[in-house]
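Participant: Compact mmCIF, C-alpha atoms and all ligand atoms, file protein_3.txt:
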```txt
# COMPACT_ATOMS: atom_id res chain seq x y z
CA MET A 224 0.00 0.00 0.00
CA THR A 225 1.32 3.47 -0.82
CA GLY A 226 1.29 6.41 1.59
CA ALA A 227 1.33 6.24 5.37
CA ALA A 228 -0.99 4.00 7.40
CA VAL A 229 -2.23 7.11 9.19
CA ASP A 230 -1.85 10.51 7.57
CA VAL A 231 -4.02 13.16 9.17
CA SER A 232 -3.61 16.89 9.38
CA GLY A 233 -5.19 19.77 11.21
CA LEU A 234 -7.62 17.55 13.14
CA VAL A 235 -9.93 19.52 15.41
CA LYS A 236 -12.50 18.08 17.78
CA LYS A 237 -14.65 20.12 20.12
CA PHE A 238 -16.99 19.05 22.88
CA ASP A 239 -19.56 21.58 24.05
CA GLY A 240 -17.57 24.38 22.41
CA LYS A 241 -14.31 23.33 24.12
CA THR A 242 -11.49 22.38 21.75
CA VAL A 243 -9.96 19.12 23.00
CA VAL A 244 -8.08 18.21 19.80
CA ASP A 245 -6.44 21.31 18.40
CA HIS A 246 -5.08 21.03 14.85
CA VAL A 247 -3.33 17.70 15.33
CA SER A 248 -1.33 16.38 12.37
CA MET A 249 0.22 12.94 12.52
CA ARG A 250 1.73 10.30 10.26
CA VAL A 251 2.20 6.67 11.15
CA GLU A 252 4.15 4.66 8.59
CA HIS A 253 3.23 1.11 7.67
CA GLY A 254 4.76 -1.47 9.98
CA GLU A 255 5.67 1.16 12.56
CA ILE A 256 4.83 1.28 16.27
CA ALA A 257 3.91 4.86 17.05
CA GLY A 258 3.56 5.92 20.66
CA PHE A 259 1.03 8.52 21.72
CA LEU A 260 1.81 10.25 24.99
CA GLY A 261 0.53 13.18 26.97
CA PRO A 262 -0.96 14.13 30.33
CA ASN A 263 -4.42 12.95 31.38
CA GLY A 264 -7.13 14.72 29.45
CA SER A 265 -4.78 15.99 26.74
CA GLY A 266 -6.86 14.50 23.90
CA LYS A 267 -5.25 11.13 23.08
CA THR A 268 -8.41 9.03 23.28
CA THR A 269 -10.40 11.59 21.32
CA THR A 270 -7.77 11.71 18.55
CA ILE A 271 -7.69 7.90 18.39
CA ARG A 272 -11.49 7.81 18.14
CA VAL A 273 -11.43 10.25 15.25
CA MET A 274 -8.86 8.04 13.50
CA CYS A 275 -11.06 4.99 14.11
CA GLY A 276 -14.01 6.66 12.46
CA LEU A 277 -15.94 6.66 15.73
CA LEU A 278 -16.00 10.45 16.00
CA ILE A 279 -16.42 12.97 13.20
CA PRO A 280 -13.81 15.75 13.39
CA ASP A 281 -14.89 19.40 13.44
CA GLY A 282 -11.92 20.31 11.27
CA GLY A 283 -9.03 18.83 9.35
CA GLY A 284 -8.96 15.45 7.72
CA GLY A 285 -6.75 12.86 6.12
CA THR A 286 -6.52 9.17 5.50
CA VAL A 287 -6.34 5.99 7.53
CA LEU A 288 -5.15 2.93 5.59
CA GLY A 289 -5.66 4.93 2.43
CA TYR A 290 -9.33 5.64 3.19
CA ASP A 291 -10.55 9.16 3.70
CA LEU A 292 -11.61 9.73 7.33
CA ARG A 293 -15.16 10.09 6.04
CA GLN A 294 -15.14 6.46 4.83
CA ARG A 295 -15.78 5.44 8.39
CA HIS A 296 -17.24 2.00 7.71
CA LYS A 297 -14.32 0.96 5.54
CA ILE A 298 -11.84 2.14 8.19
CA LYS A 299 -13.66 0.29 10.96
CA ARG A 300 -13.44 -3.00 9.08
CA GLU A 301 -9.67 -2.84 8.73
CA ILE A 302 -8.58 -1.62 12.12
CA GLY A 303 -8.49 -3.16 15.58
CA TYR A 304 -9.28 -0.84 18.47
CA MET A 305 -8.61 -1.69 22.09
CA THR A 306 -10.39 0.81 24.30
CA GLN A 307 -8.89 2.10 27.50
CA ARG A 308 -11.12 0.09 29.80
CA PHE A 309 -11.79 -2.81 27.48
CA SER A 310 -14.35 -5.19 28.89
CA LEU A 311 -14.92 -8.87 28.47
CA TYR A 312 -18.06 -10.78 29.38
CA GLU A 313 -16.87 -12.06 32.73
CA ASP A 314 -19.41 -14.86 32.92
CA LEU A 315 -18.42 -16.22 29.51
CA THR A 316 -15.35 -18.35 28.86
CA ILE A 317 -12.44 -17.06 26.81
CA ALA A 318 -13.61 -19.04 23.78
CA GLU A 319 -17.19 -17.79 24.18
CA ASN A 320 -15.97 -14.19 24.37
CA LEU A 321 -14.00 -14.65 21.15
CA ASP A 322 -16.92 -16.41 19.50
CA PHE A 323 -19.09 -13.40 20.33
CA VAL A 324 -16.56 -11.03 18.71
CA ALA A 325 -16.30 -13.30 15.65
CA GLY A 326 -20.08 -12.95 15.33
CA LEU A 327 -19.86 -9.14 15.53
CA TYR A 328 -17.36 -9.07 12.68
CA GLY A 329 -19.27 -11.68 10.68
CA LEU A 330 -16.21 -13.97 10.60
CA ARG A 331 -17.03 -17.39 9.19
CA PRO A 332 -16.47 -20.10 10.08
CA ALA A 333 -16.34 -18.54 13.55
CA ARG A 334 -15.04 -21.77 15.07
CA ARG A 335 -11.89 -21.61 12.92
CA TYR A 336 -11.25 -17.93 13.68
CA VAL A 337 -11.66 -18.58 17.41
CA ARG A 338 -9.39 -21.63 17.29
CA ASP A 339 -6.68 -19.71 15.42
CA ALA A 340 -6.91 -16.67 17.71
CA LEU A 341 -6.65 -18.90 20.80
CA ALA A 342 -3.58 -20.66 19.38
CA ASP A 343 -2.03 -17.42 18.18
CA LEU A 344 -2.10 -15.83 21.62
CA GLY A 345 -1.31 -18.93 23.67
CA LEU A 346 -4.84 -19.15 25.06
CA THR A 347 -5.84 -22.64 23.91
CA ALA A 348 -5.23 -24.33 27.27
CA ARG A 349 -7.44 -21.75 28.98
CA ARG A 350 -10.19 -21.65 26.37
CA ASP A 351 -12.86 -22.84 28.82
CA GLN A 352 -11.84 -20.58 31.70
CA LEU A 353 -14.34 -17.90 32.68
CA ALA A 354 -13.02 -14.46 31.71
CA GLY A 355 -13.99 -13.13 35.14
CA THR A 356 -11.44 -15.42 36.81
CA LEU A 357 -8.45 -14.23 34.73
CA SER A 358 -5.63 -11.99 35.97
CA GLY A 359 -5.19 -8.56 34.40
CA GLY A 360 -2.45 -9.80 32.07
CA TRP A 361 -4.54 -12.69 30.72
CA LYS A 362 -7.61 -10.50 30.31
CA GLN A 363 -5.54 -8.12 28.26
CA ARG A 364 -4.31 -11.03 26.13
CA VAL A 365 -7.92 -12.02 25.43
CA ALA A 366 -8.72 -8.40 24.60
CA LEU A 367 -5.80 -8.37 22.15
CA ALA A 368 -7.04 -11.63 20.61
CA SER A 369 -10.46 -9.98 20.15
CA CYS A 370 -8.90 -6.98 18.38
CA VAL A 371 -6.70 -8.95 15.98
CA MET A 372 -9.02 -11.86 15.15
CA HIS A 373 -10.27 -10.18 11.96
CA ASN A 374 -6.66 -9.55 10.81
CA PRO A 375 -6.66 -5.75 10.95
CA LYS A 376 -3.88 -3.82 9.22
CA LEU A 377 -3.79 -1.16 11.91
CA LEU A 378 -4.13 -1.55 15.67
CA LEU A 379 -5.12 1.43 17.79
CA LEU A 380 -4.43 0.66 21.42
CA ASP A 381 -5.56 3.07 24.13
CA GLU A 382 -3.45 2.53 27.24
CA PRO A 383 -3.56 -1.24 26.76
CA THR A 384 -1.26 -2.03 29.69
CA ALA A 385 -2.67 0.24 32.39
CA GLY A 386 -2.79 -1.74 35.62
CA VAL A 387 -0.95 -4.77 34.22
CA ASP A 388 2.16 -6.12 35.99
CA PRO A 389 5.63 -5.56 34.45
CA LYS A 390 6.07 -9.15 33.22
CA ALA A 391 2.69 -9.18 31.47
CA ARG A 392 3.43 -5.73 30.03
CA ARG A 393 6.69 -7.00 28.57
CA GLU A 394 4.97 -10.05 27.07
CA PHE A 395 2.31 -7.83 25.59
CA TRP A 396 4.96 -5.65 23.94
CA ASP A 397 6.78 -8.69 22.61
CA GLU A 398 3.49 -9.73 20.96
CA ILE A 399 3.08 -6.27 19.44
CA HIS A 400 6.64 -6.24 18.08
CA LEU A 401 6.20 -9.69 16.60
CA ARG A 402 3.08 -8.53 14.79
CA THR A 403 4.67 -5.41 13.36
CA GLU A 404 7.43 -7.57 11.91
CA ASN A 405 4.61 -9.23 9.97
CA GLY A 406 3.36 -5.91 8.63
CA LEU A 407 0.90 -4.70 11.27
CA THR A 408 0.94 -0.98 12.11
CA VAL A 409 0.31 0.11 15.70
CA LEU A 410 -0.60 3.40 17.35
CA VAL A 411 -0.51 3.00 21.12
CA SER A 412 -1.19 5.48 23.87
CA THR A 413 0.70 5.01 27.11
CA HIS A 414 1.90 6.78 30.21
CA TYR A 415 4.87 4.42 30.65
CA MET A 416 8.28 5.74 29.59
CA ASP A 417 9.75 2.27 29.04
CA GLU A 418 6.92 1.60 26.59
CA ALA A 419 7.50 4.90 24.81
CA GLU A 420 11.10 3.85 24.35
CA ARG A 421 9.96 0.66 22.61
CA CYS A 422 8.17 2.69 19.91
CA HIS A 423 9.72 3.57 16.57
CA ARG A 424 8.28 7.05 16.88
CA VAL A 425 6.62 8.97 19.67
CA ASN A 426 4.05 11.74 19.51
CA TYR A 427 3.47 13.98 22.48
CA ILE A 428 0.23 15.91 22.91
CA SER A 429 -0.47 18.60 25.47
CA GLN A 430 -3.78 20.45 25.86
CA GLY A 431 -4.96 19.08 22.52
CA LYS A 432 -1.88 20.20 20.59
CA LEU A 433 0.84 17.95 19.24
CA VAL A 434 4.01 19.45 20.66
CA ALA A 435 6.65 16.86 19.74
CA SER A 436 7.00 14.06 17.28
CA GLY A 437 9.89 11.86 16.18
CA SER A 438 12.17 9.06 17.31
CA VAL A 439 13.02 9.01 21.00
CA ALA A 440 16.44 10.55 20.24
CA GLU A 441 14.87 13.26 18.06
CA VAL A 442 12.30 14.19 20.69
CA ILE A 443 14.98 14.41 23.39
CA ALA A 444 17.10 16.59 21.08
CA GLU A 445 14.09 18.78 20.20
CA SER A 446 13.49 19.48 23.87
CA ARG A 447 16.82 21.39 23.82
CA LEU A 448 17.36 20.50 27.46
CA THR A 449 20.61 20.20 29.31
CA THR A 450 20.74 17.81 32.24
CA TRP A 451 23.14 17.87 35.16
CA ILE A 452 23.42 14.88 37.47
CA VAL A 453 24.15 15.90 41.03
CA ASP A 454 25.25 13.47 43.74
CA GLY A 455 27.03 13.37 47.08
CA PRO A 456 26.04 14.37 50.62
CA HIS A 457 23.68 17.30 51.35
CA LEU A 458 21.53 16.52 48.30
CA SER A 459 18.40 17.95 49.86
CA ASP A 460 20.24 21.18 50.71
CA ALA A 461 21.44 21.32 47.10
CA ALA A 462 17.91 20.71 45.79
CA HIS A 463 16.58 23.46 48.04
CA LEU A 464 19.24 25.94 46.90
CA LEU A 465 18.83 25.07 43.21
CA SER A 466 15.07 25.53 43.26
CA GLY A 467 14.14 28.70 41.39
CA LYS A 468 17.75 29.56 40.45
CA PRO A 469 18.31 30.97 36.92
CA GLY A 470 18.31 28.25 34.27
CA VAL A 471 16.87 25.57 36.59
CA ASP A 472 13.56 24.38 35.12
CA GLU A 473 13.12 21.02 36.88
CA ILE A 474 14.76 19.13 39.72
CA THR A 475 13.95 15.45 40.03
CA HIS A 476 15.22 12.92 42.57
CA PHE A 477 16.50 9.69 41.01
CA GLY A 478 17.68 7.35 43.76
CA LYS A 479 20.76 8.97 45.28
CA THR A 480 21.08 11.61 42.56
CA LEU A 481 19.29 14.73 41.41
CA HIS A 482 18.53 15.45 37.76
CA VAL A 483 18.69 19.19 37.28
CA VAL A 484 17.27 20.16 33.93
CA GLY A 485 16.94 23.39 32.00
CA ARG A 486 16.78 24.94 28.55
CA ASP A 487 19.23 27.78 29.17
CA ALA A 488 22.45 25.74 29.28
CA SER A 489 24.80 28.48 30.43
CA ALA A 490 22.53 29.89 33.15
CA LEU A 491 21.91 26.33 34.36
CA GLU A 492 25.63 25.59 34.49
CA ARG A 493 26.35 28.74 36.51
CA SER A 494 23.61 27.88 39.01
CA VAL A 495 24.67 24.24 39.36
CA ARG A 496 28.34 25.12 39.81
CA ALA A 497 27.53 27.79 42.41
CA VAL A 498 25.43 25.37 44.46
CA ALA A 499 28.06 22.63 44.11
CA ARG A 500 30.66 25.01 45.55
CA THR A 501 28.42 25.97 48.47
CA THR A 502 27.23 22.48 49.41
CA GLY A 503 30.11 20.25 48.26
CA VAL A 504 27.92 18.11 46.00
CA HIS A 505 29.40 16.69 42.82
CA ALA A 506 27.82 17.74 39.50
CA GLN A 507 28.37 16.44 35.99
CA ILE A 508 26.57 16.72 32.67
CA GLY A 509 24.31 13.71 32.03
CA ASP A 510 21.94 12.38 29.40
CA THR A 511 18.51 13.96 29.15
CA THR A 512 15.82 11.30 29.42
CA LEU A 513 12.55 11.07 27.51
CA GLU A 514 10.77 11.69 30.80
CA ASP A 515 12.73 14.94 31.30
CA ALA A 516 11.71 16.00 27.79
CA PHE A 517 8.02 15.17 28.37
CA ILE A 518 7.93 16.95 31.72
CA SER A 519 9.41 19.98 30.02
CA PHE A 520 6.78 19.85 27.24
CA MET A 521 4.06 19.51 29.86
CA THR A 522 5.37 22.41 31.92
CA ASN A 523 5.89 24.61 28.88
CA GLY A 524 2.53 23.74 27.28
CA GLU A 525 2.70 24.31 23.59
CA GLY A 526 6.11 25.88 23.87
CA GLY A 527 7.73 22.53 23.07
CA ALA A 528 9.37 21.57 19.84
CA ARG A 529 7.46 20.06 16.96
N1 LIG B 1 -17.72 12.68 24.93
C1 LIG B 1 -17.17 13.74 25.54
N2 LIG B 1 -17.92 14.80 25.88
C2 LIG B 1 -17.36 15.89 26.49
N3 LIG B 1 -16.05 15.99 26.80
C3 LIG B 1 -15.26 14.95 26.49
C4 LIG B 1 -15.78 13.77 25.85
N4 LIG B 1 -14.74 12.90 25.65
C5 LIG B 1 -13.64 13.50 26.16
N5 LIG B 1 -13.94 14.73 26.65
C6 LIG B 1 -12.99 15.70 27.26
O1 LIG B 1 -11.97 15.91 26.30
C7 LIG B 1 -10.71 16.08 26.93
C8 LIG B 1 -9.73 15.10 26.35
O2 LIG B 1 -10.08 13.79 26.77
P1 LIG B 1 -9.35 12.50 26.23
O3 LIG B 1 -10.05 11.31 26.88
O4 LIG B 1 -9.28 12.51 24.76
O5 LIG B 1 -7.89 12.65 26.85
P2 LIG B 1 -6.74 11.58 27.07
O6 LIG B 1 -5.47 12.25 26.65
O7 LIG B 1 -7.08 10.31 26.39
O8 LIG B 1 -6.72 11.39 28.64
P3 LIG B 1 -6.31 10.11 29.55
O9 LIG B 1 -4.82 9.97 29.49
O10 LIG B 1 -6.80 10.51 30.92
O11 LIG B 1 -7.03 8.94 28.99
C9 LIG B 1 -10.96 15.90 28.43
O12 LIG B 1 -11.09 17.18 28.99
C10 LIG B 1 -12.27 15.14 28.47
O13 LIG B 1 -12.97 15.45 29.65
```
Render the structure in this file as structure tokens.

Facilitator:
Amino acid sequence: MTGAAVDVSGLVKKFDGKTVVDHVSMRVEHGEIAGFLGPNGSGKTTTIRVMCGLLIPDGGGGTVLGYDLRQRHKIKREIGYMTQRFSLYEDLTIAENLDFVAGLYGLRPARRYVRDALADLGLTARRDQLAGTLSGGWKQRVALASCVMHNPKLLLLDEPTAGVDPKARREFWDEIHLRTENGLTVLVSTHYMDEAERCHRVNYISQGKLVASGSVAEVIAESRLTTWIVDGPHLSDAAHLLSGKPGVDEITHFGKTLHVVGRDASALERSVRAVARTTGVHAQIGDTTLEDAFISFMTNGEGGAR
């Protein structure tokens, strides 16, 4: 297929006169895992719903899998969408849940689709277990099976791993990576930094506006932040003294170190060196993390890089 899997521009969505998606443009290439990050209420779910064809935008447009956003029924048939609080029928077994979904999509013979989906996601041995008795990780696996059973070309996942333990989260991501190697495209919203780092590209939205987009390295570079790592005794004194000093935008405790971050590199250096002299802490330039960059975008609103 030519073009990007998702290619939208200038998307606007308003609720009751309030703009919650504000001229968002985004491309997701075929076979790519694109991360979608941003604070609570920044407009991720709404943007995803517009891309799914579930909501009609108030402005902008574009294509999803080559279909115009207005071809909502065609889009819906070729995508898989896992909602934020996906639900299974708890009093049905795993196989019965999948059979129900096969019916919704008109997949025939349903029995074969269910059997293949169970095998594909390692669920065969549990096929007769009631969904209500499954752990969070297994429930999420069944939800994934439900979303991919009709062989979508694009998966839109809205915080799929919220509340799932680290091992199950890792397994889920391994599944996702395996599928993209076979041509699937994924757009996934998450609040987890380790998950963002597993994406080919990340998009960061704040107050409805896309403020950064690119590979992890590009987004960190775009933040134009300098980070100093401070360690040694009297760390809390150092943190106290650094707070509000010229060039110091953020101070974060990481174990026995402080990350002191700012955009004005020379002012930051002067402040850090002055406090190091006063308190005896040791300071050295360090790597800016994705989390530092996102916190900076959040604090600076739309002032971030694009
Ligand atoms: N159907 C709706 N009617 C009115 N307001 C809505 C509706 N859906 C979402 N909103 C509002 O739009 C804004 C964006 O919400 P959205 O769920 O898209 O954000 P989000 O980035 O997905 O947040 P979270 O990370 O908490 O899931 C919020 O202020 C929310 O209250």

Participant: Which one of A:Ser310, A:Gln430, A:Thr522, A:Thr450 sits closest to ligand LIG 1 (chain B) if you count all atoms listed in the file?

Facilitator: A:Gln430

Participant: May I have the residues within 6 Å of ligand LIG 1 (chain B), computed using all atoms listed in the file, as a ChimeraX atom specification?

Facilitator: /A:238,243,262-269

Participant: Between CA of Gly386 (chain A) and CA of Leu311 (chain A), measure the distance and give it in Å to one decimal.

Facilitator: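 Atom-to-atom, CA of Gly386 (chain A) to CA of Leu311 (chain A), that is 15.8 Å.
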
Participant: Quick one: of A:Glu418, A:Thr316, A:Met305, A:Val409, who's nearest to Gln363 (chain A), counting only C-alpha atoms?

Facilitator: A:Met305

Participant: I'd like the contact shell of Asp454 (chain A) - 10 Å cut-off, all atoms listed in the file, skipping same-chain residues fewer than 6 positions apart - returned as a VMD selection string.

Facilitator: chain A and resid 461 477 to 482 499 503 to 507

Participant: Could the residues of region 365-436 of chain A that have an atom at most 10 Å from region 275-283 of chain A be listed as JSON lines, each with its closest atom pair and the distance in Å to one decimal, counting all atoms listed in the file and ordered by chain and ascending residue number?

Facilitator:
```
{"residue": "A:Leu377", "atom": "CA", "partner": "A:Cys275", "partner_atom": "CA", "distance": 9.8}
{"residue": "A:Leu378", "atom": "CA", "partner": "A:Cys275", "partner_atom": "CA", "distance": 9.7}
{"residue": "A:Leu379", "atom": "CA", "partner": "A:Cys275", "partner_atom": "CA", "distance": 7.8}
```

Participant: Can you build me a table of region 416-471 of chain A residues sitting at most 12 Å from region 487-491 of chain A, with the closest atom pair per residue and its distance in Å to one decimal, using all atoms listed in the file, sorted by chain and residue number, as CSV?

Facilitator:
```
residue,atom,partner,partner_atom,distance
A:Ser446,CA,A:Asp487,CA,11.4
A:Arg447,CA,A:Asp487,CA,8.7
A:Leu448,CA,A:Ala488,CA,7.5
A:Thr449,CA,A:Ala488,CA,5.8
A:Thr450,CA,A:Ala488,CA,8.6
A:Trp451,CA,A:Leu491,CA,8.6
A:Ile452,CA,A:Leu491,CA,12.0
A:Leu465,CA,A:Leu491,CA,9.5
A:Ser466,CA,A:Leu491,CA,11.3
A:Gly467,CA,A:Leu491,CA,10.7
A:Lys468,CA,A:Leu491,CA,8.1
A:Pro469,CA,A:Ala490,CA,5.8
A:Gly470,CA,A:Leu491,CA,4.1
A:Val471,CA,A:Leu491,CA,5.6
```

Participant: Within 12 Å of region 227-235 of chain A, counting all atoms listed in the file, which residues qualify if same-chain residues fewer than 6 places away don't, as a PyMOL selection string?

Facilitator: chain A and resi 241-257+266+269-275+278-293+298+301-302+375-379+406-410+431-433

Participant: Suppose you want the space between CA of Gln294 (chain A) and CA of His400 (chain A); what is it in Å?

Facilitator: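 Computing the Euclidean distance for CA of Gln294 (chain A) and CA of His400 (chain A) yields 28.5 Å.
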
Participant: Please identify all polymer residues within 12 Å of Trp396 (chain A), counting only C-alpha atoms, omitting same-chain residues fewer than 3 positions from it, and present them as a list of chain:residue names.

Facilitator: A:Ile256, A:Gly360, A:Gln363, A:Arg364, A:Leu367, A:Leu380, A:Pro383, A:Thr384, A:Val387, A:Pro389, A:Lys390, A:Ala391, A:Arg392, A:Arg393, A:Ile399, A:His400, A:Leu401, A:Arg402, A:Thr403, A:Val409, A:Val411, A:Thr413, A:Asp417, A:Glu418, A:Ala419, A:Glu420, A:Arg421, A:Cys422

Participant: I'd like to know which of A:Glu492, A:Glu313, A:Asp381, A:Glu445 is closest to Asp515 (chain A), using all atoms listed in the file.

Facilitator: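 Smallest distance to Asp515 (chain A) is found for A:Glu445.
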
Participant: What separation in Å, quoted to one decimal, exists between CA of Asn320 (chain A) and CA of Ala385 (chain A)?

Facilitator: 21.2 Å

Participant: Considering all atoms listed in the file, can you say which of A:Arg349, A:Arg486, A:Arg493, A:Arg300 comes closest to His373 (chain A)?

Facilitator: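 Using all atoms listed in the file, His373 (chain A) sits closest to A:Arg300.
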
Participant: I'd like the box whose edges run along x, y and z of the file and which contains every listed atom of region 387-402 of chain A, padded by 5 Å per side; could you state its centre and edge lengths in Å, one decimal, as lines of an AutoDock Vina configuration file?

Facilitator:
```
center_x = 2.9
center_y = -7.4
center_z = 25.4
size_x = 17.7
size_y = 15.3
size_z = 31.2
```

Participant: List as a ChimeraX atom specification the protein and nucleic acid residues near Tyr427 (chain A), meaning an atom at most 6 Å away when all atoms listed in the file are counted, but skip any in the same chain fewer than 2 places from it.

Facilitator: /A:260-261,433-435

Participant: Ranking A:Met372, A:Leu357, A:Val425, A:Val495 by minimum distance to Ala516 (chain A) and counting only C-alpha atoms, which one comes first?

Facilitator: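 Closest to Ala516 (chain A), using only C-alpha atoms: A:Val425.
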
Participant: Under the rule that all atoms listed in the file are counted, which of A:Leu513, A:His463, A:Phe309, A:Ala366 is the nearest residue to Ala444 (chain A)?

Facilitator: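 Ranked by minimum distance to Ala444 (chain A), first place goes to A:Leu513.
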